[in-house]
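K.L.:
target_26.cif is reproduced in full below (mmCIF, C-alpha atoms).
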```cif
data_start
#
loop_
_atom_site.label_atom_id
_atom_site.label_comp_id
_atom_site.auth_asym_id
_atom_site.auth_seq_id
_atom_site.Cartn_x
_atom_site.Cartn_y
_atom_site.Cartn_z
CA MET A 2 33.58 -73.50 2.50
CA ALA A 3 31.81 -76.75 3.25
CA HIS A 4 28.80 -77.98 1.29
CA ILE A 5 25.70 -79.56 2.70
CA GLU A 6 23.28 -81.88 0.98
CA PHE A 7 19.67 -82.07 2.10
CA ALA A 8 16.56 -83.41 0.35
CA ALA A 9 18.64 -84.24 -2.75
CA GLN A 10 19.86 -80.64 -3.10
CA GLN A 11 23.38 -79.25 -2.67
CA HIS A 12 23.90 -76.00 -0.78
CA ASP A 13 27.03 -73.88 -0.31
CA LEU A 14 27.44 -72.32 3.08
CA THR A 15 28.52 -68.70 3.18
CA PRO A 16 31.17 -67.79 5.77
CA ASP A 17 29.67 -67.42 9.29
CA GLU A 18 26.40 -69.04 8.22
CA THR A 19 24.94 -71.86 10.30
CA VAL A 20 23.48 -74.95 8.68
CA LEU A 21 20.02 -73.80 9.83
CA GLU A 22 20.47 -70.38 8.21
CA CYS A 23 21.69 -71.98 5.00
CA LEU A 24 18.68 -74.32 4.81
CA GLU A 25 16.29 -71.45 5.51
CA ARG A 26 17.93 -69.35 2.81
CA ALA A 27 17.36 -72.25 0.42
CA GLY A 28 13.66 -72.22 1.30
CA HIS A 29 13.47 -75.23 3.59
CA ASP A 30 11.02 -75.04 6.45
CA ILE A 31 12.99 -76.41 9.40
CA PRO A 32 11.31 -76.26 12.82
CA PHE A 33 13.29 -74.20 15.33
CA SER A 34 12.80 -72.30 18.54
CA CYS A 35 15.77 -70.96 20.54
CA ARG A 36 18.43 -70.80 17.78
CA THR A 37 21.14 -70.97 20.46
CA GLY A 38 21.76 -74.71 20.71
CA VAL A 39 19.64 -75.26 23.79
CA CYS A 40 16.10 -76.36 22.98
CA LEU A 41 16.78 -79.17 20.45
CA THR A 42 13.75 -78.25 18.33
CA CYS A 43 15.81 -78.10 15.12
CA LEU A 44 17.60 -81.44 15.78
CA MET A 45 18.82 -83.12 12.56
CA ARG A 46 20.96 -86.12 11.71
CA VAL A 47 23.89 -86.61 9.32
CA SER A 48 23.84 -89.59 6.97
CA THR A 49 27.38 -88.79 5.74
CA GLY A 50 30.10 -86.76 7.44
CA THR A 51 30.90 -85.78 11.02
CA PRO A 52 29.18 -82.79 12.60
CA PRO A 53 31.54 -80.45 14.52
CA SER A 54 31.49 -81.19 18.25
CA PRO A 55 30.03 -77.82 19.39
CA SER A 56 26.90 -78.69 17.38
CA GLN A 57 26.49 -81.87 19.47
CA ALA A 58 27.00 -80.27 22.89
CA GLY A 59 24.19 -81.20 25.26
CA LEU A 60 23.07 -84.26 23.30
CA ARG A 61 23.08 -87.72 24.81
CA GLU A 62 26.01 -89.98 23.90
CA SER A 63 23.66 -92.31 22.03
CA GLN A 64 22.36 -89.37 19.97
CA LYS A 65 25.88 -88.22 19.14
CA GLU A 66 26.80 -91.71 17.98
CA GLN A 67 23.80 -91.76 15.68
CA GLY A 68 24.90 -88.50 14.09
CA TYR A 69 22.35 -86.14 15.63
CA PHE A 70 23.40 -82.48 15.80
CA LEU A 71 21.95 -78.98 16.13
CA PRO A 72 21.94 -77.09 12.82
CA CYS A 73 21.34 -73.72 14.58
CA VAL A 74 24.86 -73.79 16.06
CA CYS A 75 26.57 -75.85 13.35
CA HIS A 76 29.44 -74.35 11.32
CA PRO A 77 30.67 -77.44 9.47
CA SER A 78 34.31 -77.77 8.44
CA GLU A 79 33.60 -80.70 6.13
CA ASP A 80 30.81 -81.66 3.72
CA LEU A 81 27.71 -83.09 5.38
CA GLU A 82 24.71 -84.98 4.09
CA LEU A 83 21.66 -84.33 6.25
CA VAL A 84 18.33 -85.94 7.01
CA SER A 85 15.46 -84.76 9.17
CA PRO A 86 14.69 -87.26 11.91
CA SER A 87 11.24 -88.76 11.55
CA ASP A 88 8.56 -87.68 14.00
CA ALA A 89 8.34 -91.16 15.45
CA GLU A 90 12.03 -91.00 16.39
CA LEU A 91 11.51 -87.84 18.41
CA TYR A 92 7.94 -87.26 19.50
CA GLY A 93 5.56 -89.16 21.74
CA ARG A 94 2.12 -88.21 23.02
CA ALA A 95 1.24 -86.73 26.38
CA ILE A 96 -2.25 -86.10 27.75
CA VAL A 97 -3.05 -83.04 29.85
CA SER A 98 -4.34 -84.27 33.23
CA GLU A 99 -4.52 -80.97 35.10
CA VAL A 100 -4.36 -77.21 34.46
CA THR A 101 -4.34 -75.09 37.63
CA HIS A 102 -4.13 -71.30 37.51
CA LEU A 103 -1.78 -70.37 40.36
CA ASN A 104 -2.40 -66.65 39.83
CA ASP A 105 -3.32 -64.35 36.94
CA SER A 106 -0.17 -65.11 34.95
CA ILE A 107 1.23 -68.48 36.02
CA CYS A 108 -0.37 -71.89 35.66
CA ARG A 109 0.63 -75.42 36.56
CA VAL A 110 0.13 -78.10 33.92
CA ARG A 111 0.30 -81.81 34.64
CA LEU A 112 0.76 -84.39 31.88
CA ARG A 113 0.51 -88.15 31.63
CA THR A 114 2.41 -90.24 29.12
CA ALA A 115 1.35 -93.66 27.83
CA THR A 116 4.65 -95.18 28.91
CA PRO A 117 6.54 -93.76 31.91
CA LEU A 118 9.15 -91.19 30.89
CA PHE A 119 12.63 -91.79 32.25
CA TYR A 120 13.84 -88.34 33.32
CA HIS A 121 15.45 -86.28 36.04
CA ALA A 122 13.69 -83.38 37.77
CA GLY A 123 15.05 -80.16 36.23
CA GLN A 124 15.37 -81.50 32.68
CA PHE A 125 13.10 -80.03 30.03
CA ILE A 126 10.66 -81.32 27.44
CA ASN A 127 9.45 -79.78 24.19
CA LEU A 128 5.72 -79.52 23.60
CA ARG A 129 4.34 -79.21 20.09
CA ARG A 130 0.94 -77.88 19.26
CA ASP A 131 -1.02 -79.16 16.27
CA ASP A 132 0.02 -76.14 14.17
CA GLY A 133 3.69 -76.99 14.69
CA VAL A 134 4.63 -74.37 17.32
CA VAL A 135 7.20 -75.88 19.70
CA ARG A 136 8.21 -74.57 23.13
CA SER A 137 10.45 -75.90 25.91
CA TYR A 138 9.30 -76.32 29.50
CA SER A 139 11.26 -77.55 32.51
CA LEU A 140 10.11 -80.40 34.73
CA ALA A 141 9.16 -79.57 38.33
CA SER A 142 8.10 -83.16 39.04
CA VAL A 143 10.28 -85.89 40.51
CA PRO A 144 9.93 -89.42 39.07
CA ARG A 145 10.08 -91.05 42.52
CA LEU A 146 7.46 -88.74 44.02
CA ASP A 147 5.06 -87.78 41.26
CA ASP A 148 3.11 -89.91 38.80
CA THR A 149 2.57 -87.04 36.36
CA LEU A 150 4.91 -84.56 34.66
CA GLU A 151 4.61 -81.08 36.17
CA LEU A 152 5.28 -77.83 34.31
CA HIS A 153 4.95 -74.20 35.41
CA ILE A 154 3.99 -71.85 32.61
CA LYS A 155 3.92 -68.07 32.72
CA ARG A 156 1.98 -66.32 30.03
CA LEU A 157 4.09 -63.72 28.30
CA GLY A 158 3.04 -60.66 26.33
CA GLY A 159 2.99 -61.92 22.74
CA GLY A 160 3.65 -65.50 23.84
CA LYS A 161 1.80 -67.72 21.32
CA MET A 162 2.13 -70.96 23.22
CA SER A 163 2.02 -69.65 26.79
CA ASN A 164 -1.19 -67.67 26.28
CA TRP A 165 -2.84 -70.61 24.55
CA ILE A 166 -1.86 -72.91 27.42
CA TYR A 167 -2.98 -70.44 30.07
CA ASN A 168 -6.27 -69.53 28.40
CA ASP A 169 -7.39 -72.47 26.30
CA LEU A 170 -5.64 -75.71 27.18
CA ALA A 171 -8.19 -78.24 28.43
CA VAL A 172 -7.76 -81.41 30.48
CA GLY A 173 -7.72 -84.39 28.13
CA THR A 174 -5.92 -82.60 25.29
CA ALA A 175 -3.17 -84.64 23.63
CA LEU A 176 0.11 -82.90 22.82
CA ASP A 177 3.23 -84.04 21.02
CA MET A 178 6.12 -84.24 23.42
CA GLN A 179 9.87 -84.66 22.90
CA GLY A 180 12.44 -85.21 25.61
CA PRO A 181 13.73 -85.26 28.28
CA ASN A 182 16.63 -82.94 27.45
CA GLY A 183 19.29 -81.01 29.33
CA ASP A 184 21.84 -81.63 32.03
CA CYS A 185 20.59 -79.31 34.77
CA TYR A 186 19.60 -81.90 37.40
CA TYR A 187 20.65 -83.31 40.76
CA ILE A 188 23.60 -85.70 40.78
CA GLY A 189 23.75 -87.65 44.04
CA MET A 190 27.51 -88.22 44.04
CA GLU A 191 28.32 -85.83 46.89
CA PRO A 192 25.46 -85.87 49.40
CA ALA A 193 27.29 -83.60 51.88
CA ARG A 194 28.14 -80.71 49.57
CA PRO A 195 26.27 -77.43 49.96
CA LEU A 196 23.87 -76.58 47.13
CA LEU A 197 22.86 -73.13 45.96
CA LEU A 198 19.73 -72.88 43.80
CA ILE A 199 18.86 -69.53 42.23
CA GLY A 200 15.88 -68.91 39.98
CA ASN A 201 13.57 -66.17 38.86
CA GLY A 202 10.08 -66.37 37.42
CA THR A 203 9.08 -69.90 36.47
CA GLY A 204 12.78 -70.79 36.71
CA LEU A 205 11.45 -72.03 40.04
CA ALA A 206 9.96 -75.10 38.30
CA PRO A 207 13.24 -76.98 37.70
CA LEU A 208 14.63 -75.83 41.07
CA TYR A 209 11.54 -77.09 42.91
CA GLY A 210 12.06 -80.44 41.19
CA ILE A 211 15.82 -80.53 41.80
CA ALA A 212 15.43 -79.61 45.50
CA ARG A 213 12.83 -82.31 46.14
CA ASP A 214 14.84 -84.83 44.14
CA ALA A 215 17.92 -84.08 46.28
CA LEU A 216 15.94 -84.29 49.53
CA VAL A 217 14.26 -87.59 48.68
CA ASP A 218 17.69 -88.90 47.66
CA GLY A 219 18.90 -88.12 51.19
CA HIS A 220 21.04 -85.08 50.45
CA LYS A 221 22.65 -84.06 53.75
CA GLY A 222 24.46 -80.82 52.87
CA PRO A 223 22.77 -77.45 53.31
CA MET A 224 20.57 -76.32 50.41
CA TYR A 225 19.60 -72.70 49.79
CA LEU A 226 16.87 -71.89 47.28
CA TYR A 227 16.62 -68.21 46.30
CA HIS A 228 13.54 -67.36 44.27
CA GLY A 229 13.44 -63.88 42.80
CA SER A 230 10.66 -61.80 41.33
CA ARG A 231 10.00 -58.14 40.75
CA THR A 232 6.41 -58.39 41.96
CA ALA A 233 4.84 -60.29 44.83
CA LYS A 234 2.64 -62.46 42.59
CA GLY A 235 5.72 -63.84 40.87
CA LEU A 236 6.62 -65.55 44.15
CA TYR A 237 4.25 -68.45 43.63
CA TYR A 238 4.64 -71.77 45.52
CA GLY A 239 5.65 -69.93 48.71
CA ASP A 240 3.53 -72.27 50.87
CA GLU A 241 4.97 -75.41 49.29
CA LEU A 242 8.54 -74.20 49.76
CA THR A 243 7.96 -73.02 53.32
CA ALA A 244 6.51 -76.45 54.12
CA LEU A 245 9.53 -78.13 52.54
CA ALA A 246 11.85 -76.00 54.70
CA ARG A 247 9.84 -76.95 57.79
CA GLU A 248 10.16 -80.67 56.99
CA HIS A 249 13.86 -80.56 56.17
CA GLU A 250 16.32 -78.86 58.50
CA ASN A 251 18.96 -78.52 55.77
CA PHE A 252 16.64 -76.85 53.22
CA HIS A 253 16.31 -73.08 53.23
CA TYR A 254 13.89 -71.03 51.14
CA ILE A 255 14.67 -67.35 50.61
CA PRO A 256 12.15 -65.36 48.54
CA CYS A 257 13.53 -62.13 47.06
CA LEU A 258 11.63 -59.13 45.72
CA SER A 259 13.34 -56.48 43.66
CA GLY A 260 10.45 -54.14 42.92
CA GLU A 261 8.02 -54.01 45.85
CA GLU A 262 7.49 -51.58 48.74
CA ASP A 263 8.80 -52.44 52.22
CA ASP A 264 5.36 -53.35 53.62
CA VAL A 265 4.58 -55.85 50.83
CA ARG A 266 8.01 -57.38 51.16
CA GLY A 267 7.75 -57.47 54.94
CA ALA A 268 4.39 -59.24 54.83
CA LEU A 269 5.92 -61.98 52.67
CA GLY A 270 9.15 -62.19 54.65
CA ALA A 271 11.10 -61.57 51.45
CA GLU A 272 14.59 -60.15 51.07
CA GLN A 273 15.08 -56.97 49.08
CA GLY A 274 16.89 -57.24 45.76
CA ARG A 275 17.52 -59.60 42.91
CA ALA A 276 17.84 -63.25 43.87
CA GLU A 277 21.38 -63.61 42.51
CA ALA A 278 22.59 -60.48 44.33
CA VAL A 279 21.02 -61.50 47.65
CA ALA A 280 22.43 -65.02 47.31
CA MET A 281 25.95 -63.91 46.46
CA THR A 282 26.04 -61.49 49.38
CA ALA A 283 25.01 -64.27 51.75
CA HIS A 284 27.45 -66.85 50.33
CA SER A 285 30.78 -65.33 49.42
CA ASP A 286 32.87 -68.52 49.24
CA LEU A 287 31.34 -71.09 46.88
CA ALA A 288 34.38 -73.38 46.49
CA GLY A 289 33.11 -76.96 46.40
CA TRP A 290 29.43 -75.97 46.10
CA GLY A 291 26.95 -77.29 43.55
CA ILE A 292 25.15 -74.40 41.84
CA TYR A 293 21.85 -74.46 39.90
CA LEU A 294 20.72 -71.40 37.94
CA CYS A 295 17.35 -71.30 36.19
CA GLY A 296 15.31 -68.56 34.59
CA TYR A 297 15.83 -65.44 32.50
CA PRO A 298 19.15 -65.57 30.60
CA PRO A 299 20.59 -62.25 31.90
CA MET A 300 20.21 -63.45 35.49
CA VAL A 301 21.67 -66.86 34.63
CA LEU A 302 24.69 -65.25 32.92
CA THR A 303 25.35 -62.80 35.74
CA ALA A 304 24.94 -65.42 38.45
CA LYS A 305 27.20 -67.84 36.60
CA LYS A 306 30.00 -65.32 36.48
CA LEU A 307 29.52 -64.29 40.12
CA ALA A 308 29.42 -67.90 41.32
CA PHE A 309 32.56 -68.72 39.37
CA LEU A 310 34.38 -65.70 40.78
CA ALA A 311 33.23 -66.73 44.28
CA GLY A 312 35.14 -69.99 43.83
CA ALA A 313 32.67 -72.45 42.28
CA ALA A 314 34.18 -74.68 39.58
CA LEU A 315 32.55 -74.08 36.18
CA HIS A 316 31.62 -77.73 35.82
CA ASP A 317 29.73 -77.51 39.13
CA ILE A 318 27.52 -74.70 37.82
CA LEU A 319 24.47 -76.12 36.03
CA ALA A 320 22.18 -73.75 34.22
CA ASP A 321 18.78 -73.77 32.53
CA PRO A 322 18.41 -70.41 30.77
CA TYR A 323 14.88 -69.74 29.50
CA GLU A 324 15.17 -68.54 25.94
CA MET A 325 11.95 -66.79 25.06
CA GLN A 326 11.21 -67.11 21.40
CA ASP A 327 8.21 -64.82 21.05
CA LEU A 328 9.72 -62.05 23.15
CA ARG A 329 12.88 -62.01 21.12
CA ARG A 330 10.85 -61.33 17.98
CA ILE A 331 9.82 -57.96 19.41
CA PRO A 332 12.33 -55.39 18.13
CA ARG A 333 14.42 -53.99 20.92
CA GLU A 334 15.80 -50.46 21.23
CA MET B 811 64.78 -90.65 27.84
CA THR B 812 63.51 -87.71 29.91
CA ASP B 813 59.80 -87.11 30.16
CA SER B 814 58.32 -84.31 28.09
CA LEU B 815 57.31 -81.03 29.73
CA TYR B 816 53.64 -82.04 29.42
CA GLU B 817 54.27 -85.32 31.29
CA ARG B 818 56.38 -83.68 34.00
CA ILE B 819 53.77 -81.02 34.64
CA GLY B 820 50.97 -83.57 35.02
CA GLY B 821 49.28 -83.72 31.61
CA ALA B 822 45.54 -83.25 31.19
CA ASP B 823 44.94 -83.27 34.97
CA ALA B 824 47.27 -80.28 35.34
CA VAL B 825 45.37 -78.45 32.61
CA ASP B 826 42.07 -79.17 34.39
CA ALA B 827 43.50 -77.92 37.68
CA ALA B 828 44.87 -74.77 36.08
CA VAL B 829 42.05 -73.65 33.81
CA ASP B 830 39.50 -72.42 36.39
CA LEU B 831 42.24 -70.77 38.50
CA PHE B 832 43.64 -68.98 35.46
CA TYR B 833 40.24 -67.90 34.08
CA ARG B 834 39.20 -66.59 37.52
CA LYS B 835 42.40 -64.53 37.73
CA VAL B 836 41.93 -62.85 34.36
CA LEU B 837 38.24 -62.16 35.02
CA THR B 838 39.01 -60.41 38.31
CA ASP B 839 41.68 -58.23 36.70
CA ALA B 840 39.85 -55.10 35.53
CA ASP B 841 42.67 -54.28 33.08
CA VAL B 842 42.13 -57.41 30.98
CA SER B 843 38.79 -58.95 31.99
CA HIS B 844 36.87 -57.20 29.17
CA PHE B 845 38.87 -59.17 26.60
CA PHE B 846 37.43 -62.41 27.98
CA ASP B 847 33.91 -63.34 26.95
CA THR B 848 31.49 -64.14 29.77
CA THR B 849 28.42 -64.70 27.63
CA ASP B 850 29.69 -68.19 26.84
CA MET B 851 31.83 -69.12 29.82
CA ASP B 852 31.96 -72.81 28.94
CA GLY B 853 33.15 -71.99 25.42
CA GLN B 854 35.70 -69.57 26.82
CA ARG B 855 36.92 -72.21 29.28
CA ALA B 856 37.33 -74.71 26.43
CA LYS B 857 39.45 -72.21 24.48
CA GLN B 858 41.65 -71.57 27.48
CA LYS B 859 41.99 -75.27 28.00
CA SER B 860 43.42 -75.71 24.51
CA PHE B 861 45.71 -72.73 25.05
CA LEU B 862 47.01 -74.15 28.35
CA THR B 863 47.48 -77.59 26.79
CA MET B 864 49.67 -75.98 24.16
CA ALA B 865 51.61 -73.87 26.70
CA PHE B 866 52.16 -76.99 28.82
CA GLY B 867 53.80 -78.67 25.83
CA GLY B 868 50.82 -80.95 25.20
CA PRO B 869 49.15 -82.16 22.01
CA HIS B 870 47.58 -79.30 20.07
CA GLU B 871 46.68 -78.16 16.60
CA TYR B 872 47.35 -74.46 17.02
CA THR B 873 48.97 -72.59 14.17
CA GLY B 874 50.27 -69.04 14.25
CA GLN B 875 47.51 -68.14 11.81
CA ASP B 876 44.81 -69.45 14.20
CA MET B 877 46.26 -67.26 16.95
CA ARG B 878 46.17 -64.26 14.64
CA THR B 879 42.60 -64.82 13.48
CA ALA B 880 41.36 -65.51 17.02
CA HIS B 881 42.82 -62.27 18.39
CA ALA B 882 42.40 -59.91 15.42
CA LYS B 883 39.19 -58.39 16.76
CA LEU B 884 40.73 -57.90 20.22
CA VAL B 885 43.76 -56.13 18.75
CA GLU B 886 41.34 -53.76 16.98
CA ASP B 887 39.77 -53.16 20.39
CA GLY B 888 43.13 -52.17 21.83
CA LEU B 889 44.84 -55.40 22.92
CA ASN B 890 48.55 -54.61 23.36
CA ASP B 891 51.79 -55.71 25.04
CA SER B 892 50.74 -54.52 28.50
CA HIS B 893 47.65 -56.78 28.37
CA PHE B 894 49.71 -59.69 27.07
CA ASP B 895 52.15 -59.23 29.98
CA LYS B 896 49.32 -59.12 32.52
CA VAL B 897 47.73 -62.32 31.23
CA ALA B 898 51.15 -63.99 31.16
CA GLY B 899 51.59 -62.88 34.78
CA HIS B 900 48.30 -64.57 35.70
CA LEU B 901 49.49 -67.75 34.01
CA GLN B 902 52.72 -67.69 35.99
CA ALA B 903 50.85 -67.03 39.26
CA THR B 904 48.50 -69.95 38.49
CA LEU B 905 51.43 -72.31 38.02
CA GLU B 906 53.10 -71.11 41.22
CA GLU B 907 49.86 -71.59 43.12
CA LEU B 908 49.68 -75.18 41.85
CA GLY B 909 53.24 -75.83 43.06
CA VAL B 910 54.78 -76.42 39.62
CA ASP B 911 58.59 -76.35 39.87
CA ALA B 912 60.46 -73.28 38.68
CA GLY B 913 62.15 -75.05 35.76
CA ALA B 914 58.86 -76.20 34.25
CA ILE B 915 57.29 -72.78 34.83
CA GLY B 916 60.15 -71.26 32.84
CA GLU B 917 59.50 -73.63 29.95
CA VAL B 918 55.75 -72.92 29.96
CA MET B 919 56.33 -69.18 30.04
CA ALA B 920 58.74 -69.49 27.10
CA ILE B 921 56.10 -71.32 25.01
CA ALA B 922 53.41 -68.79 26.00
CA GLY B 923 55.81 -65.91 25.25
CA SER B 924 56.50 -67.30 21.78
CA THR B 925 52.89 -66.58 20.79
CA ARG B 926 53.20 -62.83 21.49
CA ASP B 927 53.63 -61.62 17.90
CA ASP B 928 50.84 -63.82 16.58
CA VAL B 929 48.44 -62.84 19.38
CA LEU B 930 49.16 -59.14 18.83
CA ASN B 931 48.97 -59.58 15.03
CA ARG B 932 52.43 -58.19 14.30
#
```
Take the structure from the file and write it as structure tokens.
P.N.:
Amino acid sequence: MAHIEFAAQQHDLTPDETVLECLERAGHDIPFSCRTGVCLTCLMRVSTGTPPSPSQAGLRESQKEQGYFLPCVCHPSEDLELVSPSDAELYGRAIVSEVTHLNDSICRVRLRTATPLFYHAGQFINLRRDDGVVRSYSLASVPRLDDTLELHIKRLGGGKMSNWIYNDLAVGTALDMQGPNGDCYYIGMEPARPLLLIGNGTGLAPLYGIARDALVDGHKGPMYLYHGSRTAKGLYYGDELTALAREHENFHYIPCLSGEEDDVRGALGAEQGRAEAVAMTAHSDLAGWGIYLCGYPPMVLTAKKLAFLAGAALHDILADPYEMQDLRRIPRE
Amino acid sequence: MTDSLYERIGGADAVDAAVDLFYRKVLTDADVSHFFDTTDMDGQRAKQKSFLTMAFGGPHEYTGQDMRTAHAKLVEDGLNDSHFDKVAGHLQATLEELGVDAGAIGEVMAIAGSTRDDVLNR
């Protein structure tokens, strides 16, 4: 088994243990959130040794070169010496410039940064509260169109950060912000290819950004955005998306409701069923398509498999699964 | 000097062309699809890429022991010769679909076939 050295202490990894688990077992307080190699909250750096490549998946090339890696998915095969990156390396400040309650569970937050952030719509940032709680939120704004960063936040039962943001966050508050992260964004290499965007819940945020980014970039191929929700109130931003479809002939917005009565669905002009099921029925041959999947992980996983089986190449399927930290702490049956 | 199998078949580009086709075939085959993880499709694709690179005669670091360890759990879950044959059939069909010549297909199938005892932990 490999050894790790951190804060002048040696630790032996047990078989199957990640570096994060080993450090926690030794009593170190390492910040983390998703524990699945997505959110980058636990990011560390090696001062000696080479981290295994799966623990660097999703990092920028420059970060990989500097030895950054994700301890939550790191099973080292050689000895590593670790350091925690300093705050200044990772975090900047962002000021809340707007909080708008879109309905009784979803709000829109806009942020300003002192220096403009270089990012793509659909990437995500990490916000840190003063007590150290960190959560990831995807960017609905487009650098070329919007002068603030836009996030959509749904408050979740037991959600520490989301309830605080929904209930208490005031304009003018300063938050620590890290990012941008992630590779789920529009790439303008093939402006004629069809795009399929599927999201549920606030998985709409990155898709709304990606769609507008593609349209302002002059994307010519057809684009279909399926937004799914169980209840009617989860279909927020319907007016914005309908307006976008009216302005752009090649953009199509298809709201989907899986849990409402016919009359409610009819009034909203929504399709019946889960967004991924409705989308896959409508588009059975996805060879050559670009696919974007954002929202709850079970939907993202199912849709990824279905899109692949319908002919999409795996590298053309970009996903932003929302790992929900607080919810996963609730014991499940 | 004649080119190696890996060069004749098209090298890394051939592996890239084959991997999605092959993975799609095994996932749509109800008899074997449950042996292939879909919770981490990118990870699964990477594993199949290294397998195909080896079967195509390319550079690899596979050992018989790796094959055994990687498949031990699946053998416990019932992986047997009939599944091995089915997956091998999908590999052959993939190569035919890509227009690989019969001689090279024979060589690839021989390499793939040589892993049978390690895969089935015998």
K.L.:
Select, as a PyMOL selection string, those residues of chain A with any atom no more than 8 Å from chain B (distances computed using all atoms listed in the file).
P.N.:
chain A and resi 302+306+309-310+314-315
K.L.:
Under the PyMOL selection byres ((chain A and resi 274) around 7), which residues of this model are included? Write them out as an MDAnalysis selection string.
P.N.:
chainID A and resid 257:259 272:273 275:276 278:279
K.L.:
Since I can't run it myself right now, could you work out what the PyMOL selection byres ((chain A and resi 196) around 12) selects here and report it as a PyMOL selection string?
P.N.:
chain A and resi 186-189+191-195+197-199+208+211-212+215-216+220-227+251-253+280+284+287-294+308+313+317-319
K.L.:
Can you list, as a list in words, every protein, DNA or RNA residue that comes within 7 Å of segment 811-827 of chain B when you count all atoms listed in the file, leaving out same-chain residues fewer than 4 positions away?
P.N.:
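Surrounding residues, per the criterion: Lys859, Leu862, Thr863, Phe866, Gly867, Gly868, Val910 and Ala914 of chain B.
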K.L.:
Excluding segment 156-170 of chain A and its own-chain neighbours fewer than 3 positions away, which residues fall within 8 Å of it when counting only C-alpha atoms? Please give them as a ChimeraX atom specification.
P.N.:
/A:100,102,106-108,134-136,174,327-328
K.L.:
Which value, in Å to one decimal, gives the distance between atom CA of Ile31 of chain A and atom CA of Ser78 of chain A?
P.N.:
21.4 Å
